[in-house]
$ cat data_9.pdb   # PDB, N, CA and C atoms
ATOM      1  N   MET M1276      -7.309  -5.438 -31.429  1.00  0.00           N
ATOM      2  CA  MET M1276      -6.776  -5.471 -30.093  1.00  0.00           C
ATOM      3  C   MET M1276      -5.912  -6.711 -29.943  1.00  0.00           C
ATOM      4  N   GLU M1277      -4.864  -6.585 -29.194  1.00  0.00           N
ATOM      5  CA  GLU M1277      -4.018  -7.725 -28.877  1.00  0.00           C
ATOM      6  C   GLU M1277      -3.879  -7.819 -27.366  1.00  0.00           C
ATOM      7  N   THR M1278      -3.537  -9.014 -26.913  1.00  0.00           N
ATOM      8  CA  THR M1278      -3.260  -9.202 -25.495  1.00  0.00           C
ATOM      9  C   THR M1278      -1.815  -9.620 -25.323  1.00  0.00           C
ATOM     10  N   GLY M1279      -1.255  -9.278 -24.189  1.00  0.00           N
ATOM     11  CA  GLY M1279       0.104  -9.694 -23.882  1.00  0.00           C
ATOM     12  C   GLY M1279       0.159 -11.182 -23.601  1.00  0.00           C
ATOM     13  N   ARG M1280       1.328 -11.747 -23.664  1.00  0.00           N
ATOM     14  CA  ARG M1280       1.463 -13.202 -23.496  1.00  0.00           C
ATOM     15  C   ARG M1280       1.115 -13.676 -22.082  1.00  0.00           C
ATOM     16  N   ASN M1281       1.138 -12.785 -21.088  1.00  0.00           N
ATOM     17  CA  ASN M1281       0.816 -13.172 -19.716  1.00  0.00           C
ATOM     18  C   ASN M1281      -0.633 -12.899 -19.334  1.00  0.00           C
ATOM     19  N   VAL M1282      -1.427 -12.376 -20.253  1.00  0.00           N
ATOM     20  CA  VAL M1282      -2.840 -12.081 -19.981  1.00  0.00           C
ATOM     21  C   VAL M1282      -3.625 -13.386 -19.981  1.00  0.00           C
ATOM     22  N   THR M1283      -4.423 -13.595 -18.930  1.00  0.00           N
ATOM     23  CA  THR M1283      -5.181 -14.845 -18.813  1.00  0.00           C
ATOM     24  C   THR M1283      -6.686 -14.637 -18.745  1.00  0.00           C
ATOM     25  N   ARG M1284      -7.138 -13.438 -18.408  1.00  0.00           N
ATOM     26  CA  ARG M1284      -8.575 -13.209 -18.198  1.00  0.00           C
ATOM     27  C   ARG M1284      -9.316 -12.728 -19.432  1.00  0.00           C
ATOM     28  N   PHE M1285      -8.605 -12.335 -20.482  1.00  0.00           N
ATOM     29  CA  PHE M1285      -9.234 -11.738 -21.649  1.00  0.00           C
ATOM     30  C   PHE M1285      -8.642 -12.299 -22.938  1.00  0.00           C
ATOM     31  N   THR M1286      -9.420 -12.206 -24.012  1.00  0.00           N
ATOM     32  CA  THR M1286      -8.923 -12.570 -25.327  1.00  0.00           C
ATOM     33  C   THR M1286      -9.222 -11.426 -26.280  1.00  0.00           C
ATOM     34  N   ALA M1287      -8.510 -11.393 -27.387  1.00  0.00           N
ATOM     35  CA  ALA M1287      -8.739 -10.352 -28.391  1.00  0.00           C
ATOM     36  C   ALA M1287     -10.206 -10.381 -28.808  1.00  0.00           C
ATOM     37  N   GLY M1288     -10.825  -9.213 -28.848  1.00  0.00           N
ATOM     38  CA  GLY M1288     -12.225  -9.103 -29.244  1.00  0.00           C
ATOM     39  C   GLY M1288     -13.201  -9.006 -28.086  1.00  0.00           C
ATOM     40  N   ASP M1289     -12.752  -9.245 -26.855  1.00  0.00           N
ATOM     41  CA  ASP M1289     -13.637  -9.086 -25.695  1.00  0.00           C
ATOM     42  C   ASP M1289     -14.074  -7.639 -25.566  1.00  0.00           C
ATOM     43  N   ARG M1290     -15.313  -7.449 -25.138  1.00  0.00           N
ATOM     44  CA  ARG M1290     -15.802  -6.091 -24.828  1.00  0.00           C
ATOM     45  C   ARG M1290     -15.351  -5.781 -23.413  1.00  0.00           C
ATOM     46  N   ILE M1291     -14.459  -4.825 -23.279  1.00  0.00           N
ATOM     47  CA  ILE M1291     -13.891  -4.514 -21.964  1.00  0.00           C
ATOM     48  C   ILE M1291     -13.961  -3.020 -21.690  1.00  0.00           C
ATOM     49  N   TYR M1292     -13.845  -2.683 -20.430  1.00  0.00           N
ATOM     50  CA  TYR M1292     -13.677  -1.298 -20.015  1.00  0.00           C
ATOM     51  C   TYR M1292     -12.645  -1.274 -18.917  1.00  0.00           C
ATOM     52  N   ASP M1293     -12.144  -0.058 -18.628  1.00  0.00           N
ATOM     53  CA  ASP M1293     -11.048   0.013 -17.670  1.00  0.00           C
ATOM     54  C   ASP M1293     -11.090   1.304 -16.882  1.00  0.00           C
ATOM     55  N   ARG M1294     -10.222   1.359 -15.923  1.00  0.00           N
ATOM     56  CA  ARG M1294      -9.969   2.611 -15.209  1.00  0.00           C
ATOM     57  C   ARG M1294      -8.499   2.917 -15.468  1.00  0.00           C
ATOM     58  N   MET M1295      -8.272   4.028 -16.104  1.00  0.00           N
ATOM     59  CA  MET M1295      -6.899   4.421 -16.415  1.00  0.00           C
ATOM     60  C   MET M1295      -6.242   4.944 -15.145  1.00  0.00           C
ATOM     61  N   PRO M1296      -4.983   4.609 -14.912  1.00  0.00           N
ATOM     62  CA  PRO M1296      -4.279   5.144 -13.744  1.00  0.00           C
ATOM     63  C   PRO M1296      -4.166   6.667 -13.843  1.00  0.00           C
ATOM     64  N   LEU M1297      -4.212   7.338 -12.713  1.00  0.00           N
ATOM     65  CA  LEU M1297      -4.148   8.804 -12.726  1.00  0.00           C
ATOM     66  C   LEU M1297      -2.865   9.326 -13.359  1.00  0.00           C
ATOM     67  N   LYS M1298      -1.784   8.566 -13.277  1.00  0.00           N
ATOM     68  CA  LYS M1298      -0.522   9.011 -13.863  1.00  0.00           C
ATOM     69  C   LYS M1298      -0.445   8.756 -15.355  1.00  0.00           C
ATOM     70  N   LYS M1299      -1.416   8.033 -15.907  1.00  0.00           N
ATOM     71  CA  LYS M1299      -1.425   7.691 -17.330  1.00  0.00           C
ATOM     72  C   LYS M1299      -2.793   7.974 -17.925  1.00  0.00           C
ATOM     73  N   ILE M1300      -3.255   9.169 -17.809  1.00  0.00           N
ATOM     74  CA  ILE M1300      -4.567   9.485 -18.367  1.00  0.00           C
ATOM     75  C   ILE M1300      -4.473   9.378 -19.881  1.00  0.00           C
ATOM     76  N   GLY M1301      -5.146   8.400 -20.452  1.00  0.00           N
ATOM     77  CA  GLY M1301      -5.127   8.189 -21.891  1.00  0.00           C
ATOM     78  C   GLY M1301      -6.461   7.673 -22.373  1.00  0.00           C
ATOM     79  N   ALA M1302      -7.513   8.031 -21.675  1.00  0.00           N
ATOM     80  CA  ALA M1302      -8.830   7.500 -21.979  1.00  0.00           C
ATOM     81  C   ALA M1302      -9.352   7.959 -23.338  1.00  0.00           C
ATOM     82  N   PHE M1303      -8.752   8.977 -23.902  1.00  0.00           N
ATOM     83  CA  PHE M1303      -9.214   9.471 -25.194  1.00  0.00           C
ATOM     84  C   PHE M1303      -8.443   8.848 -26.353  1.00  0.00           C
ATOM     85  N   ALA M1304      -7.513   7.961 -26.047  1.00  0.00           N
ATOM     86  CA  ALA M1304      -6.732   7.288 -27.078  1.00  0.00           C
ATOM     87  C   ALA M1304      -7.519   6.116 -27.650  1.00  0.00           C
ATOM     88  N   GLN M1305      -7.261   5.791 -28.898  1.00  0.00           N
ATOM     89  CA  GLN M1305      -7.925   4.643 -29.504  1.00  0.00           C
ATOM     90  C   GLN M1305      -7.380   3.335 -28.937  1.00  0.00           C
ATOM     91  N   TYR M1306      -6.084   3.318 -28.630  1.00  0.00           N
ATOM     92  CA  TYR M1306      -5.443   2.139 -28.054  1.00  0.00           C
ATOM     93  C   TYR M1306      -4.640   2.561 -26.833  1.00  0.00           C
ATOM     94  N   ALA M1307      -4.555   1.687 -25.851  1.00  0.00           N
ATOM     95  CA  ALA M1307      -3.775   1.988 -24.650  1.00  0.00           C
ATOM     96  C   ALA M1307      -3.246   0.688 -24.069  1.00  0.00           C
ATOM     97  N   ALA M1308      -2.070   0.754 -23.493  1.00  0.00           N
ATOM     98  CA  ALA M1308      -1.508  -0.391 -22.782  1.00  0.00           C
ATOM     99  C   ALA M1308      -1.849  -0.231 -21.310  1.00  0.00           C
ATOM    100  N   VAL M1309      -2.537  -1.229 -20.735  1.00  0.00           N
ATOM    101  CA  VAL M1309      -2.962  -1.164 -19.341  1.00  0.00           C
ATOM    102  C   VAL M1309      -2.696  -2.498 -18.651  1.00  0.00           C
ATOM    103  N   GLU M1310      -2.651  -2.455 -17.332  1.00  0.00           N
ATOM    104  CA  GLU M1310      -2.515  -3.671 -16.543  1.00  0.00           C
ATOM    105  C   GLU M1310      -3.820  -4.469 -16.619  1.00  0.00           C
ATOM    106  N   GLU M1311      -3.705  -5.763 -16.655  1.00  0.00           N
ATOM    107  CA  GLU M1311      -4.883  -6.628 -16.714  1.00  0.00           C
ATOM    108  C   GLU M1311      -5.820  -6.387 -15.532  1.00  0.00           C
ATOM    109  N   SER M1312      -5.258  -6.072 -14.377  1.00  0.00           N
ATOM    110  CA  SER M1312      -6.073  -5.859 -13.176  1.00  0.00           C
ATOM    111  C   SER M1312      -6.961  -4.622 -13.275  1.00  0.00           C
ATOM    112  N   ALA M1313      -6.709  -3.740 -14.237  1.00  0.00           N
ATOM    113  CA  ALA M1313      -7.511  -2.529 -14.398  1.00  0.00           C
ATOM    114  C   ALA M1313      -8.676  -2.736 -15.362  1.00  0.00           C
ATOM    115  N   LEU M1314      -8.836  -3.949 -15.886  1.00  0.00           N
ATOM    116  CA  LEU M1314      -9.859  -4.225 -16.895  1.00  0.00           C
ATOM    117  C   LEU M1314     -10.995  -5.072 -16.341  1.00  0.00           C
ATOM    118  N   ALA M1315     -12.155  -4.917 -16.951  1.00  0.00           N
ATOM    119  CA  ALA M1315     -13.310  -5.760 -16.631  1.00  0.00           C
ATOM    120  C   ALA M1315     -14.104  -5.973 -17.911  1.00  0.00           C
ATOM    121  N   VAL M1316     -14.790  -7.100 -17.991  1.00  0.00           N
ATOM    122  CA  VAL M1316     -15.643  -7.393 -19.137  1.00  0.00           C
ATOM    123  C   VAL M1316     -16.911  -6.555 -19.023  1.00  0.00           C
ATOM    124  N   ILE M1317     -17.340  -5.965 -20.113  1.00  0.00           N
ATOM    125  CA  ILE M1317     -18.588  -5.203 -20.133  1.00  0.00           C
ATOM    126  C   ILE M1317     -19.750  -6.199 -20.140  1.00  0.00           C
ATOM    127  N   PRO M1318     -20.672  -6.099 -19.183  1.00  0.00           N
ATOM    128  CA  PRO M1318     -21.838  -6.993 -19.191  1.00  0.00           C
ATOM    129  C   PRO M1318     -22.651  -6.814 -20.474  1.00  0.00           C
ATOM    130  N   GLU M1319     -23.270  -7.885 -20.931  1.00  0.00           N
ATOM    131  CA  GLU M1319     -24.026  -7.851 -22.189  1.00  0.00           C
ATOM    132  C   GLU M1319     -25.122  -6.783 -22.199  1.00  0.00           C
ATOM    133  N   TYR M1320     -25.695  -6.486 -21.045  1.00  0.00           N
ATOM    134  CA  TYR M1320     -26.808  -5.532 -20.990  1.00  0.00           C
ATOM    135  C   TYR M1320     -26.370  -4.072 -21.065  1.00  0.00           C
ATOM    136  N   LEU M1321     -25.058  -3.808 -21.042  1.00  0.00           N
ATOM    137  CA  LEU M1321     -24.560  -2.435 -21.121  1.00  0.00           C
ATOM    138  C   LEU M1321     -24.009  -2.118 -22.504  1.00  0.00           C
ATOM    139  N   SER M1322     -24.353  -0.943 -22.999  1.00  0.00           N
ATOM    140  CA  SER M1322     -23.741  -0.455 -24.236  1.00  0.00           C
ATOM    141  C   SER M1322     -22.348   0.060 -23.903  1.00  0.00           C
ATOM    142  N   TYR M1323     -21.541   0.308 -24.924  1.00  0.00           N
ATOM    143  CA  TYR M1323     -20.221   0.901 -24.681  1.00  0.00           C
ATOM    144  C   TYR M1323     -20.359   2.259 -23.992  1.00  0.00           C
ATOM    145  N   GLU M1324     -21.358   3.031 -24.405  1.00  0.00           N
ATOM    146  CA  GLU M1324     -21.548   4.363 -23.827  1.00  0.00           C
ATOM    147  C   GLU M1324     -21.882   4.281 -22.341  1.00  0.00           C
ATOM    148  N   ARG M1325     -22.748   3.386 -21.965  1.00  0.00           N
ATOM    149  CA  ARG M1325     -23.098   3.253 -20.547  1.00  0.00           C
ATOM    150  C   ARG M1325     -21.956   2.644 -19.743  1.00  0.00           C
ATOM    151  N   ALA M1326     -21.250   1.709 -20.345  1.00  0.00           N
ATOM    152  CA  ALA M1326     -20.105   1.101 -19.655  1.00  0.00           C
ATOM    153  C   ALA M1326     -19.013   2.133 -19.392  1.00  0.00           C
ATOM    154  N   ALA M1327     -18.901   3.113 -20.259  1.00  0.00           N
ATOM    155  CA  ALA M1327     -17.873   4.146 -20.088  1.00  0.00           C
ATOM    156  C   ALA M1327     -18.094   4.968 -18.826  1.00  0.00           C
ATOM    157  N   THR M1328     -19.310   4.996 -18.309  1.00  0.00           N
ATOM    158  CA  THR M1328     -19.598   5.779 -17.103  1.00  0.00           C
ATOM    159  C   THR M1328     -19.319   5.017 -15.815  1.00  0.00           C
ATOM    160  N   VAL M1329     -19.204   3.712 -15.885  1.00  0.00           N
ATOM    161  CA  VAL M1329     -19.083   2.878 -14.686  1.00  0.00           C
ATOM    162  C   VAL M1329     -17.830   3.169 -13.867  1.00  0.00           C
ATOM    163  N   PRO M1330     -16.624   3.196 -14.461  1.00  0.00           N
ATOM    164  CA  PRO M1330     -15.440   3.410 -13.618  1.00  0.00           C
ATOM    165  C   PRO M1330     -15.479   4.706 -12.808  1.00  0.00           C
ATOM    166  N   LEU M1331     -15.917   5.797 -13.401  1.00  0.00           N
ATOM    167  CA  LEU M1331     -15.963   7.062 -12.677  1.00  0.00           C
ATOM    168  C   LEU M1331     -17.026   7.032 -11.589  1.00  0.00           C
ATOM    169  N   ALA M1332     -18.173   6.460 -11.891  1.00  0.00           N
ATOM    170  CA  ALA M1332     -19.227   6.363 -10.886  1.00  0.00           C
ATOM    171  C   ALA M1332     -18.778   5.486  -9.713  1.00  0.00           C
ATOM    172  N   ALA M1333     -18.112   4.388 -10.017  1.00  0.00           N
ATOM    173  CA  ALA M1333     -17.619   3.504  -8.954  1.00  0.00           C
ATOM    174  C   ALA M1333     -16.565   4.206  -8.109  1.00  0.00           C
ATOM    175  N   LEU M1334     -15.696   4.972  -8.736  1.00  0.00           N
ATOM    176  CA  LEU M1334     -14.667   5.707  -8.004  1.00  0.00           C
ATOM    177  C   LEU M1334     -15.320   6.738  -7.078  1.00  0.00           C
ATOM    178  N   ALA M1335     -16.340   7.422  -7.555  1.00  0.00           N
ATOM    179  CA  ALA M1335     -17.027   8.408  -6.725  1.00  0.00           C
ATOM    180  C   ALA M1335     -17.687   7.742  -5.523  1.00  0.00           C
ATOM    181  N   CYS M1336     -18.308   6.587  -5.735  1.00  0.00           N
ATOM    182  CA  CYS M1336     -18.940   5.854  -4.624  1.00  0.00           C
ATOM    183  C   CYS M1336     -17.905   5.385  -3.616  1.00  0.00           C
ATOM    184  N   ARG M1337     -16.787   4.956  -4.102  1.00  0.00           N
ATOM    185  CA  ARG M1337     -15.748   4.476  -3.201  1.00  0.00           C
ATOM    186  C   ARG M1337     -15.132   5.632  -2.412  1.00  0.00           C
ATOM    187  N   ALA M1338     -14.990   6.771  -3.038  1.00  0.00           N
ATOM    188  CA  ALA M1338     -14.384   7.922  -2.388  1.00  0.00           C
ATOM    189  C   ALA M1338     -15.314   8.557  -1.346  1.00  0.00           C
ATOM    190  N   HIS M1339     -16.615   8.434  -1.546  1.00  0.00           N
ATOM    191  CA  HIS M1339     -17.577   9.080  -0.666  1.00  0.00           C
ATOM    192  C   HIS M1339     -18.666   8.084  -0.247  1.00  0.00           C
ATOM    193  N   PRO M1340     -18.310   7.089   0.574  1.00  0.00           N
ATOM    194  CA  PRO M1340     -19.331   6.110   0.999  1.00  0.00           C
ATOM    195  C   PRO M1340     -20.410   6.774   1.833  1.00  0.00           C
ATOM    196  N   ARG M1341     -21.585   6.261   1.705  1.00  0.00           N
ATOM    197  CA  ARG M1341     -22.723   6.793   2.461  1.00  0.00           C
ATOM    198  C   ARG M1341     -22.566   6.401   3.918  1.00  0.00           C
ATOM    199  N   GLN M1342     -22.789   7.335   4.778  1.00  0.00           N
ATOM    200  CA  GLN M1342     -22.719   7.074   6.224  1.00  0.00           C
ATOM    201  C   GLN M1342     -23.984   6.344   6.666  1.00  0.00           C
ATOM    202  N   ALA M1343     -23.813   5.247   7.391  1.00  0.00           N
ATOM    203  CA  ALA M1343     -24.979   4.480   7.866  1.00  0.00           C
ATOM    204  C   ALA M1343     -25.406   4.985   9.226  1.00  0.00           C
TER     205      ALA M1343
END
$ encode --input "data_9.pdb" --output "structure tokens"
Amino acid sequence: METGRNVTRFTAGDRIYDRMPLKKIGAFAQYAAVEESALAVIPEYLSYERAATVPLAALACRAHPRQA
């Protein structure tokens, strides 16, 4: 993995996950170019498999907040 010269939050080798933009669905690609703002570090307690579920689950929660 490489980072662009303007990337400040991540370094090559970081465990990261992302939310791909709807206009650029490429989640099945081995490599993808994404905006830094779409990335987050995977917490140590999460496996890659579990981390892969987070963006979709978060999107569903945001789209359908529970009524108080």
$ residues_around --input "data_9.pdb" --residues "segment 1286-1294 of chain M" --least-positions-apart "3" --cutoff "6.5 Å" --atoms "only N, CA and C atoms" --output "list in words"
Met1276, Glu1277, Thr1278, Thr1283, Ala1313, Leu1314, Ala1315, Val1316, Ile1317, Ala1326 and Pro1330 of chain M
$ atom_distance --input "data_9.pdb" --atom1 "atom CA of Thr1328 of chain M" --atom2 "atom C of Arg1284 of chain M"
21.3 Å
$ select_by_dssp --input "data_9.pdb" --residues "segment 1286-1339 of chain M" --states "strand (DSSP E)" --output "list of chain:residue names"
M:Ile1291, M:Tyr1292, M:Asp1293, M:Leu1314, M:Ala1315, M:Val1316
$ closest_residue --input "data_9.pdb" --among "M:Val1309, M:Val1282, M:Cys1336, M:Leu1321" --to "Pro1296 of chain M" --atoms "all atoms listed in the file"
M:Val1309
$ atom_distance --input "data_9.pdb" --atom1 "atom CA of Ser1312 of chain M" --atom2 "atom CA of Met1295 of chain M"
10.8 Å
$ select_by_dssp --input "data_9.pdb" --residues "chain M" --states "alpha helix (DSSP H)" --output "MDAnalysis selection string"
chainID M and resid 1323:1326 1329:1338
$ atom_distance --input "data_9.pdb" --atom1 "atom N of Ala1308 of chain M" --atom2 "atom CA of Gly1279 of chain M"
10.7 Å
$ axis_aligned_box --input "data_9.pdb" --around "segment 1279-1286 of chain M" --padding-each-side "5 Å" --output "AutoDock Vina command-line options"
--center_x -4.0 --center_y -12.1 --center_z -22.2 --size_x 20.9 --size_y 15.6 --size_z 18.1
$ build_atoms --input "data_9.pdb" --residues "segment 1325-1336 of chain M" --atoms "all heavy atoms" --output "mmCIF file, in the frame of the given file"
data_model
loop_
_atom_site.group_PDB
_atom_site.id
_atom_site.type_symbol
_atom_site.label_atom_id
_atom_site.label_comp_id
_atom_site.auth_asym_id
_atom_site.auth_seq_id
_atom_site.Cartn_x
_atom_site.Cartn_y
_atom_site.Cartn_z
ATOM 1 N N ARG M 1325 -22.748 3.386 -21.965
ATOM 2 C CA ARG M 1325 -23.098 3.253 -20.547
ATOM 3 C C ARG M 1325 -21.956 2.644 -19.743
ATOM 4 O O ARG M 1325 -21.710 3.028 -18.608
ATOM 5 C CB ARG M 1325 -24.367 2.434 -20.390
ATOM 6 C CG ARG M 1325 -25.562 3.226 -20.900
ATOM 7 C CD ARG M 1325 -26.847 2.560 -20.597
ATOM 8 N NE ARG M 1325 -27.903 3.379 -21.163
ATOM 9 C CZ ARG M 1325 -29.051 3.586 -20.585
ATOM 10 N NH1 ARG M 1325 -29.306 3.033 -19.437
ATOM 11 N NH2 ARG M 1325 -29.946 4.334 -21.158
ATOM 12 N N ALA M 1326 -21.250 1.709 -20.345
ATOM 13 C CA ALA M 1326 -20.105 1.101 -19.655
ATOM 14 C C ALA M 1326 -19.013 2.133 -19.392
ATOM 15 O O ALA M 1326 -18.312 2.046 -18.382
ATOM 16 C CB ALA M 1326 -19.546 -0.050 -20.486
ATOM 17 N N ALA M 1327 -18.901 3.113 -20.259
ATOM 18 C CA ALA M 1327 -17.873 4.146 -20.088
ATOM 19 C C ALA M 1327 -18.094 4.968 -18.826
ATOM 20 O O ALA M 1327 -17.156 5.554 -18.291
ATOM 21 C CB ALA M 1327 -17.840 5.060 -21.311
ATOM 22 N N THR M 1328 -19.310 4.996 -18.309
ATOM 23 C CA THR M 1328 -19.598 5.779 -17.103
ATOM 24 C C THR M 1328 -19.319 5.017 -15.815
ATOM 25 O O THR M 1328 -19.212 5.611 -14.756
ATOM 26 C CB THR M 1328 -21.064 6.237 -17.083
ATOM 27 O OG1 THR M 1328 -21.914 5.094 -16.922
ATOM 28 C CG2 THR M 1328 -21.435 6.986 -18.351
ATOM 29 N N VAL M 1329 -19.204 3.712 -15.885
ATOM 30 C CA VAL M 1329 -19.083 2.878 -14.686
ATOM 31 C C VAL M 1329 -17.830 3.169 -13.867
ATOM 32 O O VAL M 1329 -17.927 3.363 -12.651
ATOM 33 C CB VAL M 1329 -19.192 1.381 -15.034
ATOM 34 C CG1 VAL M 1329 -18.878 0.506 -13.840
ATOM 35 C CG2 VAL M 1329 -20.580 1.079 -15.571
ATOM 36 N N PRO M 1330 -16.624 3.196 -14.461
ATOM 37 C CA PRO M 1330 -15.440 3.410 -13.618
ATOM 38 C C PRO M 1330 -15.479 4.706 -12.808
ATOM 39 O O PRO M 1330 -15.135 4.714 -11.634
ATOM 40 C CB PRO M 1330 -14.282 3.405 -14.617
ATOM 41 C CG PRO M 1330 -14.787 2.574 -15.754
ATOM 42 C CD PRO M 1330 -16.250 2.914 -15.849
ATOM 43 N N LEU M 1331 -15.917 5.797 -13.401
ATOM 44 C CA LEU M 1331 -15.963 7.062 -12.677
ATOM 45 C C LEU M 1331 -17.026 7.032 -11.589
ATOM 46 O O LEU M 1331 -16.794 7.493 -10.471
ATOM 47 C CB LEU M 1331 -16.208 8.229 -13.635
ATOM 48 C CG LEU M 1331 -16.212 9.611 -12.988
ATOM 49 C CD1 LEU M 1331 -14.892 9.878 -12.256
ATOM 50 C CD2 LEU M 1331 -16.480 10.681 -14.018
ATOM 51 N N ALA M 1332 -18.173 6.460 -11.891
ATOM 52 C CA ALA M 1332 -19.227 6.363 -10.886
ATOM 53 C C ALA M 1332 -18.778 5.486 -9.713
ATOM 54 O O ALA M 1332 -19.013 5.813 -8.548
ATOM 55 C CB ALA M 1332 -20.498 5.803 -11.514
ATOM 56 N N ALA M 1333 -18.112 4.388 -10.017
ATOM 57 C CA ALA M 1333 -17.619 3.504 -8.954
ATOM 58 C C ALA M 1333 -16.565 4.206 -8.109
ATOM 59 O O ALA M 1333 -16.543 4.062 -6.886
ATOM 60 C CB ALA M 1333 -17.050 2.227 -9.561
ATOM 61 N N LEU M 1334 -15.696 4.972 -8.736
ATOM 62 C CA LEU M 1334 -14.667 5.707 -8.004
ATOM 63 C C LEU M 1334 -15.320 6.738 -7.078
ATOM 64 O O LEU M 1334 -14.918 6.882 -5.930
ATOM 65 C CB LEU M 1334 -13.716 6.399 -8.979
ATOM 66 C CG LEU M 1334 -12.578 7.193 -8.370
ATOM 67 C CD1 LEU M 1334 -11.669 6.289 -7.542
ATOM 68 C CD2 LEU M 1334 -11.774 7.871 -9.465
ATOM 69 N N ALA M 1335 -16.340 7.422 -7.555
ATOM 70 C CA ALA M 1335 -17.027 8.408 -6.725
ATOM 71 C C ALA M 1335 -17.687 7.742 -5.523
ATOM 72 O O ALA M 1335 -17.636 8.256 -4.396
ATOM 73 C CB ALA M 1335 -18.066 9.156 -7.557
ATOM 74 N N CYS M 1336 -18.308 6.587 -5.735
ATOM 75 C CA CYS M 1336 -18.940 5.854 -4.624
ATOM 76 C C CYS M 1336 -17.905 5.385 -3.616
ATOM 77 O O CYS M 1336 -18.156 5.423 -2.419
ATOM 78 C CB CYS M 1336 -19.722 4.663 -5.160
ATOM 79 S SG CYS M 1336 -21.202 5.128 -6.080
#
